[in-house]
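A.B. asks: Have a look at this one before I ask anything.
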Amino acid sequence: MLKNLLCSKHFLNIEFPQVMGILNVTPDSFSDGGKFSRIDVALKQAEQMIADGATIIDIGGESTRPGAKDVSEQDELARVIPVLKAIKKRFNIIVSIDTSKASVMSEAINYDAGIINDVRALQNEGCLHTVAQSNDIAICLMHMQGLPRTMQHQPQYDDLISDISSFFQQRIAACQQIGITSSRLILDPGFGFGKSLEQNYSLLAQMHRFQSLNLPILAGLSRKSMIGNLLNRDVNDRLAGSLATAIIAAQQGAQIIRVHDVKETVDVLKVLQATNKN
Ligand code: YH5
């Protein structure tokens with residue numbers, strides 16, 4: 001297993017789990033005071049997450065929550081790219097762009113994003129080709145069954161882990177075919193994306209099995225319904241559950257943990273790391 005992952009101009013040390021901080025730039029995440037205030041709010045959030053120990057900031061302008069509406073290319077570019085530019089100008093940090101659109105990926109490459117984080121694993125029109133234009137940006141390929149609007153309606157698998165592994169192998173091959181080397185890839189089993197509550201916990205328990213693919217693993221569990229529905233907690237009351245999943249994911253071999261609550265997650269992962277040294 002590699003100990004460093006090249007993310008454009010940065011090396012990400014993946015000897016121990018790294019925390020990716022979530023920065024939502026969807027309209028529902030702001031009380032709207034216009035474009036400059038939005039950038040200002042985003043910069044303050046990024047600054048806090050960096051101070052708290054995040055080594056990646058993940059900017060997302062499309063809501064992929066179950067049932068969410070599609071966002072236009074124009075709107076997504078206008079939300080995401082100014083924030084990317086502002087963060088890169090102000091901080092020396094790896095920025096990840098959570099998008100499935102080729103045009104947003106292209107601009108992300110132009111403005112020095114370090115990671116393309118695609119919940120659709122570069123399956124949309126033009127995405128493979130666009131990402132192949134760069135030779136150093138890292139790519140997170142996430143598994144999803146179905147589409148956001150309907151993915152939580154009775155998801156079914158022959159064998160959960162084998163099905164997700166086959167999907168990963170197929171997407172890795174598609175990347176290689178167009179000239180994207182597998183040393184640039186990160187795999188993510190996609191918690192909550194077309195998986196029932198039981199399937200999500202089965203996935204969490206067996207995530208170590210993806211280590212045989214020899215690529216870094218990312219896990220996004222923070223505040224998700226698999227925590228809320230298990231504990232009967234609403235979305236702002238899921239911190240303890242989220243921290244529990246972060247520790248389990250790290251023990252299962254995940255090298256990148258995508259979270260809202262950076263400070264608390266960094267603390268629990270430091271405790272895990274100190275324990276694992278023995
Ligand atoms: C992910 O897992 N997830 S966006 C619903 C919630 C809370 C959070 C109902 N982008 C992932 O974070 N990218 C998203 O409560 C992601 N992996 C990667 N790589 C959904 C999300 C969320 C949804």
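Quick note on naming: the chains in the structure tokens go A, B, ... in the order shown, residues restart at 1 in each chain, and ligands are numbered from 1 in order of appearance.
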Give the residue list for ligand 1 at 9 Å, counting only C-alpha atoms and all ligand atoms, as a JSON list (two decimals) with all heavy atoms, in the first residue's frame, sorted by chain and then by residue number.
C.D. replies:
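out_10.json was written with the following content:
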```
[["chain", "number", "residue", "atom", "x", "y", "z"],
["A", 22, "ILE", "N", -16.26, 18.59, 5.40],
["A", 22, "ILE", "CA", -17.33, 18.86, 4.43],
["A", 22, "ILE", "C", -17.67, 20.35, 4.43],
["A", 22, "ILE", "O", -17.99, 20.92, 5.48],
["A", 22, "ILE", "CB", -18.60, 18.05, 4.78],
["A", 22, "ILE", "CG1", -18.30, 16.55, 4.77],
["A", 22, "ILE", "CG2", -19.76, 18.41, 3.83],
["A", 22, "ILE", "CD1", -19.43, 15.68, 5.35],
["A", 24, "ASN", "N", -20.36, 22.50, 2.55],
["A", 24, "ASN", "CA", -21.52, 22.57, 1.64],
["A", 24, "ASN", "C", -21.70, 23.98, 1.13],
["A", 24, "ASN", "O", -21.70, 24.93, 1.91],
["A", 24, "ASN", "CB", -22.80, 22.15, 2.37],
["A", 24, "ASN", "CG", -22.93, 20.64, 2.43],
["A", 24, "ASN", "OD1", -22.62, 19.94, 1.47],
["A", 24, "ASN", "ND2", -23.38, 20.15, 3.57],
["A", 58, "ASP", "N", -13.62, 19.40, 1.39],
["A", 58, "ASP", "CA", -14.46, 18.89, 0.29],
["A", 58, "ASP", "C", -15.59, 19.86, 0.02],
["A", 58, "ASP", "O", -16.51, 19.99, 0.83],
["A", 58, "ASP", "CB", -15.02, 17.52, 0.69],
["A", 58, "ASP", "CG", -15.78, 16.84, -0.45],
["A", 58, "ASP", "OD1", -15.26, 16.80, -1.58],
["A", 58, "ASP", "OD2", -16.88, 16.32, -0.19],
["A", 60, "GLY", "N", -18.89, 20.94, -1.94],
["A", 60, "GLY", "CA", -19.99, 20.34, -2.70],
["A", 60, "GLY", "C", -21.08, 21.34, -3.00],
["A", 60, "GLY", "O", -21.57, 22.02, -2.10],
["A", 62, "GLU", "N", -23.79, 20.32, -5.10],
["A", 62, "GLU", "CA", -24.97, 19.56, -5.52],
["A", 62, "GLU", "C", -25.41, 18.75, -4.32],
["A", 62, "GLU", "O", -24.61, 18.04, -3.71],
["A", 62, "GLU", "CB", -24.61, 18.57, -6.65],
["A", 62, "GLU", "CG", -25.78, 17.74, -7.11],
["A", 62, "GLU", "CD", -25.43, 16.41, -7.78],
["A", 62, "GLU", "OE1", -24.27, 15.99, -7.71],
["A", 62, "GLU", "OE2", -26.35, 15.79, -8.32],
["A", 63, "SER", "N", -26.69, 18.83, -3.95],
["A", 63, "SER", "CA", -27.16, 17.99, -2.87],
["A", 63, "SER", "C", -27.50, 16.61, -3.43],
["A", 63, "SER", "O", -28.29, 16.49, -4.36],
["A", 63, "SER", "CB", -28.40, 18.59, -2.21],
["A", 63, "SER", "OG", -28.85, 17.68, -1.22],
["A", 64, "THR", "N", -26.87, 15.57, -2.86],
["A", 64, "THR", "CA", -27.16, 14.21, -3.33],
["A", 64, "THR", "C", -27.94, 13.44, -2.28],
["A", 64, "THR", "O", -28.01, 12.22, -2.32],
["A", 64, "THR", "CB", -25.86, 13.47, -3.69],
["A", 64, "THR", "OG1", -24.91, 13.68, -2.65],
["A", 64, "THR", "CG2", -25.30, 13.95, -5.00],
["A", 65, "ARG", "N", -28.50, 14.18, -1.31],
["A", 65, "ARG", "CA", -29.35, 13.50, -0.33],
["A", 65, "ARG", "C", -30.52, 12.83, -1.03],
["A", 65, "ARG", "O", -30.99, 13.34, -2.05],
["A", 65, "ARG", "CB", -29.91, 14.52, 0.67],
["A", 65, "ARG", "CG", -28.85, 15.01, 1.59],
["A", 65, "ARG", "CD", -29.39, 15.97, 2.59],
["A", 65, "ARG", "NE", -28.28, 16.48, 3.39],
["A", 65, "ARG", "CZ", -28.41, 16.96, 4.60],
["A", 65, "ARG", "NH1", -29.59, 17.03, 5.17],
["A", 65, "ARG", "NH2", -27.36, 17.39, 5.27],
["A", 66, "PRO", "N", -31.03, 11.71, -0.46],
["A", 66, "PRO", "CA", -32.16, 11.05, -1.08],
["A", 66, "PRO", "C", -33.28, 12.05, -1.37],
["A", 66, "PRO", "O", -33.66, 12.83, -0.50],
["A", 66, "PRO", "CB", -32.59, 10.02, -0.02],
["A", 66, "PRO", "CG", -31.35, 9.75, 0.78],
["A", 66, "PRO", "CD", -30.55, 11.02, 0.74],
["A", 98, "ASP", "N", -16.64, 17.95, -4.87],
["A", 98, "ASP", "CA", -17.69, 16.92, -4.90],
["A", 98, "ASP", "C", -18.61, 17.24, -6.07],
["A", 98, "ASP", "O", -19.50, 18.10, -5.96],
["A", 98, "ASP", "CB", -18.43, 16.98, -3.55],
["A", 98, "ASP", "CG", -19.38, 15.81, -3.33],
["A", 98, "ASP", "OD1", -19.77, 15.13, -4.29],
["A", 98, "ASP", "OD2", -19.75, 15.60, -2.15],
["A", 99, "THR", "N", -18.38, 16.60, -7.20],
["A", 99, "THR", "CA", -19.17, 16.90, -8.39],
["A", 99, "THR", "C", -19.25, 15.68, -9.31],
["A", 99, "THR", "O", -18.37, 14.81, -9.27],
["A", 99, "THR", "CB", -18.57, 18.08, -9.19],
["A", 99, "THR", "OG1", -19.49, 18.45, -10.23],
["A", 99, "THR", "CG2", -17.22, 17.74, -9.82],
["A", 117, "ASN", "N", -14.06, 14.39, -6.34],
["A", 117, "ASN", "CA", -14.83, 13.43, -5.55],
["A", 117, "ASN", "C", -16.17, 13.22, -6.25],
["A", 117, "ASN", "O", -17.05, 14.06, -6.17],
["A", 117, "ASN", "CB", -15.04, 14.00, -4.14],
["A", 117, "ASN", "CG", -15.99, 13.16, -3.31],
["A", 117, "ASN", "OD1", -16.17, 11.96, -3.57],
["A", 117, "ASN", "ND2", -16.61, 13.78, -2.32],
["A", 118, "ASP", "N", -16.29, 12.09, -6.95],
["A", 118, "ASP", "CA", -17.50, 11.90, -7.78],
["A", 118, "ASP", "C", -18.34, 10.74, -7.27],
["A", 118, "ASP", "O", -17.97, 9.57, -7.41],
["A", 118, "ASP", "CB", -17.10, 11.68, -9.24],
["A", 118, "ASP", "CG", -18.32, 11.59, -10.17],
["A", 118, "ASP", "OD1", -19.46, 11.76, -9.68],
["A", 118, "ASP", "OD2", -18.12, 11.35, -11.37],
["A", 119, "VAL", "N", -19.52, 11.06, -6.72],
["A", 119, "VAL", "CA", -20.43, 10.03, -6.24],
["A", 119, "VAL", "C", -20.96, 9.15, -7.39],
["A", 119, "VAL", "O", -21.55, 8.10, -7.15],
["A", 119, "VAL", "CB", -21.62, 10.62, -5.43],
["A", 119, "VAL", "CG1", -21.10, 11.38, -4.20],
["A", 119, "VAL", "CG2", -22.51, 11.50, -6.27],
["A", 140, "CYS", "N", -11.78, 10.31, -6.40],
["A", 140, "CYS", "CA", -12.51, 9.37, -5.56],
["A", 140, "CYS", "C", -13.68, 8.80, -6.36],
["A", 140, "CYS", "O", -14.56, 9.53, -6.81],
["A", 140, "CYS", "CB", -13.02, 10.05, -4.29],
["A", 140, "CYS", "SG", -13.93, 8.90, -3.24],
["A", 141, "LEU", "N", -13.67, 7.48, -6.51],
["A", 141, "LEU", "CA", -14.73, 6.75, -7.22],
["A", 141, "LEU", "C", -15.67, 6.16, -6.18],
["A", 141, "LEU", "O", -15.29, 5.26, -5.42],
["A", 141, "LEU", "CB", -14.13, 5.60, -8.04],
["A", 141, "LEU", "CG", -13.09, 5.96, -9.12],
["A", 141, "LEU", "CD1", -12.47, 4.68, -9.69],
["A", 141, "LEU", "CD2", -13.73, 6.79, -10.24],
["A", 142, "MET", "N", -16.90, 6.67, -6.11],
["A", 142, "MET", "CA", -17.85, 6.17, -5.11],
["A", 142, "MET", "C", -18.86, 5.22, -5.73],
["A", 142, "MET", "O", -19.29, 5.42, -6.86],
["A", 142, "MET", "CB", -18.57, 7.33, -4.44],
["A", 142, "MET", "CG", -19.24, 6.93, -3.12],
["A", 142, "MET", "SD", -20.45, 8.13, -2.54],
["A", 142, "MET", "CE", -21.81, 7.70, -3.61],
["A", 143, "HIS", "N", -19.25, 4.22, -4.96],
["A", 143, "HIS", "CA", -20.30, 3.30, -5.40],
["A", 143, "HIS", "C", -21.67, 3.84, -5.01],
["A", 143, "HIS", "O", -21.89, 4.25, -3.86],
["A", 143, "HIS", "CB", -20.13, 1.91, -4.76],
["A", 143, "HIS", "CG", -21.29, 1.00, -5.07],
["A", 143, "HIS", "ND1", -22.42, 0.94, -4.28],
["A", 143, "HIS", "CD2", -21.51, 0.18, -6.12],
["A", 143, "HIS", "CE1", -23.28, 0.09, -4.82],
["A", 143, "HIS", "NE2", -22.75, -0.39, -5.94],
["A", 186, "ILE", "N", -8.99, 6.68, -5.48],
["A", 186, "ILE", "CA", -9.47, 6.42, -4.12],
["A", 186, "ILE", "C", -10.82, 5.72, -4.29],
["A", 186, "ILE", "O", -11.58, 6.08, -5.18],
["A", 186, "ILE", "CB", -9.69, 7.76, -3.37],
["A", 186, "ILE", "CG1", -8.41, 8.60, -3.29],
["A", 186, "ILE", "CG2", -10.29, 7.53, -1.97],
["A", 186, "ILE", "CD1", -8.67, 10.08, -2.93],
["A", 187, "LEU", "N", -11.11, 4.73, -3.44],
["A", 187, "LEU", "CA", -12.39, 4.01, -3.54],
["A", 187, "LEU", "C", -13.27, 4.33, -2.34],
["A", 187, "LEU", "O", -12.78, 4.47, -1.22],
["A", 187, "LEU", "CB", -12.14, 2.50, -3.61],
["A", 187, "LEU", "CG", -11.22, 2.01, -4.73],
["A", 187, "LEU", "CD1", -10.99, 0.51, -4.60],
["A", 187, "LEU", "CD2", -11.78, 2.36, -6.10],
["A", 188, "ASP", "N", -14.57, 4.41, -2.59],
["A", 188, "ASP", "CA", -15.52, 4.73, -1.52],
["A", 188, "ASP", "C", -16.77, 3.88, -1.72],
["A", 188, "ASP", "O", -17.41, 3.95, -2.77],
["A", 188, "ASP", "CB", -15.86, 6.23, -1.62],
["A", 188, "ASP", "CG", -16.85, 6.71, -0.56],
["A", 188, "ASP", "OD1", -17.53, 5.87, 0.06],
["A", 188, "ASP", "OD2", -16.96, 7.93, -0.38],
["A", 189, "PRO", "N", -17.14, 3.05, -0.72],
["A", 189, "PRO", "CA", -18.29, 2.17, -0.90],
["A", 189, "PRO", "C", -19.63, 2.89, -0.89],
["A", 189, "PRO", "O", -20.66, 2.28, -1.18],
["A", 189, "PRO", "CB", -18.18, 1.20, 0.28],
["A", 189, "PRO", "CG", -17.43, 1.93, 1.32],
["A", 189, "PRO", "CD", -16.47, 2.84, 0.58],
["A", 190, "GLY", "N", -19.67, 4.18, -0.55],
["A", 190, "GLY", "CA", -20.89, 4.97, -0.70],
["A", 190, "GLY", "C", -21.96, 4.66, 0.33],
["A", 190, "GLY", "O", -23.08, 4.24, -0.02],
["A", 191, "PHE", "N", -21.67, 4.91, 1.59],
["A", 191, "PHE", "CA", -22.67, 4.68, 2.65],
["A", 191, "PHE", "C", -23.92, 5.52, 2.39],
["A", 191, "PHE", "O", -23.83, 6.71, 2.10],
["A", 191, "PHE", "CB", -22.07, 5.01, 4.03],
["A", 191, "PHE", "CG", -21.07, 4.00, 4.47],
["A", 191, "PHE", "CD1", -19.71, 4.23, 4.29],
["A", 191, "PHE", "CD2", -21.48, 2.79, 5.02],
["A", 191, "PHE", "CE1", -18.77, 3.27, 4.67],
["A", 191, "PHE", "CE2", -20.55, 1.83, 5.41],
["A", 191, "PHE", "CZ", -19.20, 2.07, 5.23],
["A", 192, "GLY", "N", -25.08, 4.86, 2.45],
["A", 192, "GLY", "CA", -26.35, 5.55, 2.25],
["A", 192, "GLY", "C", -26.77, 5.74, 0.81],
["A", 192, "GLY", "O", -27.86, 6.23, 0.54],
["A", 193, "PHE", "N", -25.93, 5.34, -0.12],
["A", 193, "PHE", "CA", -26.26, 5.52, -1.54],
["A", 193, "PHE", "C", -26.79, 4.21, -2.14],
["A", 193, "PHE", "O", -26.05, 3.43, -2.74],
["A", 193, "PHE", "CB", -25.04, 6.02, -2.32],
["A", 193, "PHE", "CG", -24.69, 7.46, -2.05],
["A", 193, "PHE", "CD1", -23.89, 7.82, -0.97],
["A", 193, "PHE", "CD2", -25.20, 8.47, -2.87],
["A", 193, "PHE", "CE1", -23.57, 9.15, -0.72],
["A", 193, "PHE", "CE2", -24.88, 9.81, -2.62],
["A", 193, "PHE", "CZ", -24.07, 10.14, -1.55],
["A", 218, "LEU", "N", -11.97, 5.71, 1.17],
["A", 218, "LEU", "CA", -12.61, 6.87, 1.81],
["A", 218, "LEU", "C", -13.96, 6.41, 2.35],
["A", 218, "LEU", "O", -14.66, 5.62, 1.71],
["A", 218, "LEU", "CB", -12.78, 7.99, 0.77],
["A", 218, "LEU", "CG", -13.31, 9.36, 1.24],
["A", 218, "LEU", "CD1", -12.77, 10.47, 0.31],
["A", 218, "LEU", "CD2", -14.81, 9.45, 1.31],
["A", 219, "ALA", "N", -14.31, 6.90, 3.54],
["A", 219, "ALA", "CA", -15.61, 6.56, 4.11],
["A", 219, "ALA", "C", -16.35, 7.83, 4.51],
["A", 219, "ALA", "O", -15.82, 8.67, 5.24],
["A", 219, "ALA", "CB", -15.45, 5.65, 5.32],
["A", 220, "GLY", "N", -17.57, 7.98, 4.01],
["A", 220, "GLY", "CA", -18.43, 9.12, 4.35],
["A", 220, "GLY", "C", -19.63, 8.62, 5.13],
["A", 220, "GLY", "O", -20.54, 8.02, 4.55],
["A", 221, "LEU", "N", -19.63, 8.84, 6.42],
["A", 221, "LEU", "CA", -20.70, 8.33, 7.28],
["A", 221, "LEU", "C", -21.34, 9.44, 8.11],
["A", 221, "LEU", "O", -22.46, 9.27, 8.62],
["A", 221, "LEU", "CB", -20.11, 7.28, 8.22],
["A", 221, "LEU", "CG", -19.61, 5.99, 7.56],
["A", 221, "LEU", "CD1", -18.28, 5.54, 8.14],
["A", 221, "LEU", "CD2", -20.65, 4.89, 7.72],
["A", 222, "SER", "N", -20.66, 10.56, 8.21],
["A", 222, "SER", "CA", -21.03, 11.65, 9.10],
["A", 222, "SER", "C", -22.51, 12.06, 9.00],
["A", 222, "SER", "O", -22.98, 12.42, 7.92],
["A", 222, "SER", "CB", -20.14, 12.85, 8.77],
["A", 222, "SER", "OG", -20.33, 13.91, 9.67],
["A", 223, "ARG", "N", -23.21, 11.98, 10.12],
["A", 223, "ARG", "CA", -24.61, 12.43, 10.28],
["A", 223, "ARG", "C", -25.61, 11.74, 9.36],
["A", 223, "ARG", "O", -26.74, 12.22, 9.20],
["A", 223, "ARG", "CB", -24.72, 13.96, 10.06],
["A", 223, "ARG", "CG", -23.88, 14.77, 11.03],
["A", 223, "ARG", "CD", -24.15, 16.25, 10.86],
["A", 223, "ARG", "NE", -23.22, 17.06, 11.64],
["A", 223, "ARG", "CZ", -23.15, 18.39, 11.59],
["A", 223, "ARG", "NH1", -23.97, 19.05, 10.79],
["A", 223, "ARG", "NH2", -22.30, 19.05, 12.32],
["A", 224, "LYS", "N", -25.22, 10.64, 8.74],
["A", 224, "LYS", "CA", -26.13, 10.02, 7.77],
["A", 224, "LYS", "C", -27.31, 9.31, 8.44],
["A", 224, "LYS", "O", -27.29, 9.03, 9.63],
["A", 224, "LYS", "CB", -25.35, 9.07, 6.86],
["A", 224, "LYS", "CG", -24.53, 9.88, 5.82],
["A", 224, "LYS", "CD", -23.96, 9.05, 4.71],
["A", 224, "LYS", "CE", -23.29, 9.98, 3.69],
["A", 224, "LYS", "NZ", -22.54, 9.26, 2.68],
["A", 225, "SER", "N", -28.31, 8.97, 7.60],
["A", 225, "SER", "CA", -29.54, 8.35, 8.11],
["A", 225, "SER", "C", -29.28, 7.01, 8.79],
["A", 225, "SER", "O", -30.04, 6.61, 9.68],
["A", 225, "SER", "CB", -30.53, 8.13, 6.97],
["A", 225, "SER", "OG", -30.87, 9.37, 6.41],
["A", 226, "MET", "N", -28.23, 6.29, 8.39],
["A", 226, "MET", "CA", -27.93, 5.01, 9.04],
["A", 226, "MET", "C", -27.64, 5.21, 10.53],
["A", 226, "MET", "O", -27.82, 4.30, 11.34],
["A", 226, "MET", "CB", -26.77, 4.27, 8.35],
["A", 226, "MET", "CG", -25.45, 4.98, 8.38],
["A", 226, "MET", "SD", -24.13, 4.07, 7.51],
["A", 226, "MET", "CE", -23.65, 2.82, 8.73],
["A", 227, "ILE", "N", -27.19, 6.40, 10.89],
["A", 227, "ILE", "CA", -26.97, 6.74, 12.30],
["A", 227, "ILE", "C", -28.29, 7.26, 12.89],
["A", 227, "ILE", "O", -28.74, 6.78, 13.94],
["A", 227, "ILE", "CB", -25.85, 7.80, 12.42],
["A", 227, "ILE", "CG1", -24.53, 7.24, 11.89],
["A", 227, "ILE", "CG2", -25.72, 8.27, 13.88],
["A", 227, "ILE", "CD1", -23.47, 8.28, 11.59],
["A", 228, "GLY", "N", -28.91, 8.19, 12.19],
["A", 228, "GLY", "CA", -30.16, 8.80, 12.68],
["A", 228, "GLY", "C", -31.27, 7.79, 12.87],
["A", 228, "GLY", "O", -31.98, 7.82, 13.88],
["A", 234, "ASP", "N", -32.30, 13.26, 15.35],
["A", 234, "ASP", "CA", -32.34, 14.10, 14.14],
["A", 234, "ASP", "C", -30.94, 14.55, 13.76],
["A", 234, "ASP", "O", -29.97, 14.31, 14.48],
["A", 234, "ASP", "CB", -33.39, 15.21, 14.24],
["A", 234, "ASP", "CG", -33.01, 16.31, 15.18],
["A", 234, "ASP", "OD1", -31.80, 16.65, 15.26],
["A", 234, "ASP", "OD2", -33.91, 16.84, 15.85],
["A", 235, "VAL", "N", -30.86, 15.20, 12.58],
["A", 235, "VAL", "CA", -29.57, 15.35, 11.91],
["A", 235, "VAL", "C", -28.54, 16.15, 12.74],
["A", 235, "VAL", "O", -27.33, 15.94, 12.61],
["A", 235, "VAL", "CB", -29.78, 15.92, 10.48],
["A", 235, "VAL", "CG1", -30.17, 17.38, 10.51],
["A", 235, "VAL", "CG2", -28.58, 15.66, 9.59],
["A", 257, "ILE", "N", -11.54, 9.96, 6.12],
["A", 257, "ILE", "CA", -12.86, 9.97, 6.74],
["A", 257, "ILE", "C", -13.47, 11.34, 6.45],
["A", 257, "ILE", "O", -12.91, 12.38, 6.81],
["A", 257, "ILE", "CB", -12.76, 9.75, 8.28],
["A", 257, "ILE", "CG1", -11.79, 8.60, 8.65],
["A", 257, "ILE", "CG2", -14.15, 9.53, 8.88],
["A", 257, "ILE", "CD1", -12.25, 7.22, 8.32],
["A", 258, "ARG", "N", -14.63, 11.32, 5.78],
["A", 258, "ARG", "CA", -15.30, 12.56, 5.36],
["A", 258, "ARG", "C", -16.33, 12.95, 6.42],
["A", 258, "ARG", "O", -17.28, 12.19, 6.66],
["A", 258, "ARG", "CB", -15.96, 12.31, 4.00],
["A", 258, "ARG", "CG", -16.71, 13.49, 3.42],
["A", 258, "ARG", "CD", -17.34, 13.10, 2.08],
["A", 258, "ARG", "NE", -18.09, 14.18, 1.49],
["A", 258, "ARG", "CZ", -19.36, 14.45, 1.80],
["A", 258, "ARG", "NH1", -20.01, 13.72, 2.67],
["A", 258, "ARG", "NH2", -19.96, 15.47, 1.22],
["A", 259, "VAL", "N", -16.15, 14.12, 7.04],
["A", 259, "VAL", "CA", -17.00, 14.48, 8.18],
["A", 259, "VAL", "C", -17.40, 15.96, 8.23],
["A", 259, "VAL", "O", -16.73, 16.82, 7.66],
["A", 259, "VAL", "CB", -16.32, 14.14, 9.53],
["A", 259, "VAL", "CG1", -15.96, 12.66, 9.62],
["A", 259, "VAL", "CG2", -15.10, 15.01, 9.79],
["A", 260, "HIS", "N", -18.49, 16.22, 8.98],
["A", 260, "HIS", "CA", -18.89, 17.58, 9.30],
["A", 260, "HIS", "C", -18.13, 18.07, 10.54],
["A", 260, "HIS", "O", -17.76, 19.23, 10.61],
["A", 260, "HIS", "CB", -20.39, 17.65, 9.61],
["A", 260, "HIS", "CG", -21.27, 17.18, 8.49],
["A", 260, "HIS", "ND1", -21.60, 15.85, 8.30],
["A", 260, "HIS", "CD2", -21.89, 17.87, 7.50],
["A", 260, "HIS", "CE1", -22.40, 15.75, 7.24],
["A", 260, "HIS", "NE2", -22.58, 16.96, 6.73]]
```
A.B. asks: Leaving out A:Phe167 and any residue of its chain fewer than 2 positions from it, which residues lie within 10 Å of it when counting only C-alpha atoms, given as JSON, numbers by chain?
C.D. replies: {"A": [121, 141, 142, 143, 144, 145, 161, 162, 163, 164, 165, 169, 170, 171, 172, 173, 189]}
A.B. asks: Keeping only C-alpha atoms, write the selected residues to a file as an mmCIF file, in the first residue's frame.
C.D. replies:
```
data_model
loop_
_atom_site.group_PDB
_atom_site.id
_atom_site.type_symbol
_atom_site.label_atom_id
_atom_site.label_comp_id
_atom_site.auth_asym_id
_atom_site.auth_seq_id
_atom_site.Cartn_x
_atom_site.Cartn_y
_atom_site.Cartn_z
ATOM 1 C CA ALA A 121 -17.597 7.452 -10.277
ATOM 2 C CA LEU A 141 -14.732 6.748 -7.223
ATOM 3 C CA MET A 142 -17.849 6.166 -5.111
ATOM 4 C CA HIS A 143 -20.301 3.298 -5.398
ATOM 5 C CA MET A 144 -23.985 4.116 -5.689
ATOM 6 C CA GLN A 145 -26.830 1.786 -6.640
ATOM 7 C CA ILE A 161 -19.374 -6.683 -0.956
ATOM 8 C CA SER A 162 -18.812 -8.653 -4.181
ATOM 9 C CA ASP A 163 -21.199 -6.400 -6.106
ATOM 10 C CA ILE A 164 -19.438 -3.246 -4.882
ATOM 11 C CA SER A 165 -16.004 -4.805 -5.587
ATOM 12 C CA GLN A 169 -12.975 -3.132 -10.720
ATOM 13 C CA GLN A 170 -15.081 -2.032 -13.680
ATOM 14 C CA ARG A 171 -14.511 1.692 -12.932
ATOM 15 C CA ILE A 172 -10.768 1.187 -12.301
ATOM 16 C CA ALA A 173 -10.553 -0.530 -15.717
ATOM 17 C CA PRO A 189 -18.293 2.167 -0.896
#
```
A.B. asks: So which residues of stretch 29-144 of chain A fall under strand (DSSP E or B) by DSSP, listed as a PyMOL selection string?
C.D. replies: chain A and resi 56-60+94-98+115-118+138-142
A.B. asks: Would you output that residue set with C-alpha atoms, as a CSV table (one decimal), in the first residue's frame?
C.D. replies:
```csv
chain,number,residue,atom,x,y,z
A,56,ILE,CA,-8.7,18.1,2.9
A,57,ILE,CA,-11.7,20.5,2.4
A,58,ASP,CA,-14.5,18.9,0.3
A,59,ILE,CA,-16.6,21.5,-1.5
A,60,GLY,CA,-20.0,20.3,-2.7
A,94,ILE,CA,-5.9,20.1,-0.5
A,95,VAL,CA,-9.3,21.0,-1.9
A,96,SER,CA,-11.6,18.2,-3.1
A,97,ILE,CA,-14.5,19.0,-5.4
A,98,ASP,CA,-17.7,16.9,-4.9
A,115,ILE,CA,-9.2,15.7,-5.6
A,116,ILE,CA,-12.3,15.1,-7.8
A,117,ASN,CA,-14.8,13.4,-5.6
A,118,ASP,CA,-17.5,11.9,-7.8
A,138,ALA,CA,-6.6,12.3,-7.4
A,139,ILE,CA,-10.1,10.9,-8.0
A,140,CYS,CA,-12.5,9.4,-5.6
A,141,LEU,CA,-14.7,6.7,-7.2
A,142,MET,CA,-17.8,6.2,-5.1
```
A.B. asks: Residues at most 8 Å from A:Arg79, counting only C-alpha atoms, excluding those fewer than 5 positions away in the same chain, as a list in words?
C.D. replies: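 Surrounding residues, per the criterion: Val25, Thr26 and Gly61 of chain A.
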A.B. asks: Can you list, as a ChimeraX atom specification, every protein, DNA or RNA residue that comes within 9 Å of stretch 156-158 of chain A when you count only C-alpha atoms, leaving out same-chain residues fewer than 6 positions away?
C.D. replies: /A:145,194-196
A.B. asks: Considering only C-alpha atoms, return as a list in words whatever protein or nucleic-acid residues lie within 9 Å of A:Cys175, sequence-local ones (same chain, fewer than 4 positions apart) excluded.
C.D. replies: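 Once the adjacent positions are removed, what remains is Leu122, Leu128, Ala132, Gln170, Arg171, Gly179, Ile180, Thr181, Ser182 and Leu185 of chain A.
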A.B. asks: Could you give me, as a list in words, the residues within 9 Å of stretch 264-268 of chain A, counting only C-alpha atoms and dropping anything in the same chain fewer than 2 positions from it?
C.D. replies: Gln18, Val19, Asp52, Gly53, Ala54, Leu239, Ser242, Leu243, Ala244, Ala246, Ile247, Ile257, Val259, His260, Asp261, Val262, Lys270, Val271, Leu272 and Gln273 of chain A
A.B. asks: Residues of stretch 202-241 of chain A in helix (DSSP H, G or I) according to DSSP, as a VMD selection string?
C.D. replies: chain A and resid 202 to 213 225 to 231 235 to 237 239 to 241
A.B. asks: Using only C-alpha atoms, can you tell me which of A:Leu23, A:Ile14, A:Ala78, A:Leu231 comes closest to A:Phe36?
C.D. replies: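 The shortest atom-to-atom distance to A:Phe36 comes from A:Ala78.
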A.B. asks: When you look at A:Asn92 with a cut-off of 10 Å (counting only C-alpha atoms), what residues show up, excluding the ones that are within fewer than 6 positions of it in the same chain? I need them as a PyMOL selection string.
C.D. replies: chain A and resi 10+50+55
A.B. asks: What would the file look like if the residues just selected were written as a compact mmCIF listing (two decimals), in the first residue's frame with all heavy atoms?
C.D. replies:
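Written output follows (again18.txt):
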```txt
# COMPACT_ATOMS: atom_id res chain seq x y z
N HIS A 10 0.04 18.63 -3.92
CA HIS A 10 0.25 18.20 -2.53
C HIS A 10 0.40 16.69 -2.44
O HIS A 10 -0.20 15.96 -3.21
CB HIS A 10 -0.98 18.55 -1.67
CG HIS A 10 -1.25 20.00 -1.55
ND1 HIS A 10 -0.87 20.75 -0.46
CD2 HIS A 10 -1.88 20.85 -2.39
CE1 HIS A 10 -1.27 22.01 -0.63
NE2 HIS A 10 -1.88 22.09 -1.79
N ILE A 50 -9.54 23.69 9.06
CA ILE A 50 -8.09 23.52 8.95
C ILE A 50 -7.45 23.61 10.35
O ILE A 50 -6.62 22.78 10.72
CB ILE A 50 -7.49 24.55 7.97
CG1 ILE A 50 -8.01 24.30 6.54
CG2 ILE A 50 -5.96 24.50 8.00
CD1 ILE A 50 -7.80 25.46 5.58
N THR A 55 -7.21 17.82 6.71
CA THR A 55 -6.13 17.96 5.72
C THR A 55 -6.70 18.04 4.30
O THR A 55 -5.94 18.22 3.35
CB THR A 55 -5.11 16.80 5.84
OG1 THR A 55 -5.81 15.56 5.86
CG2 THR A 55 -4.28 16.94 7.09
```
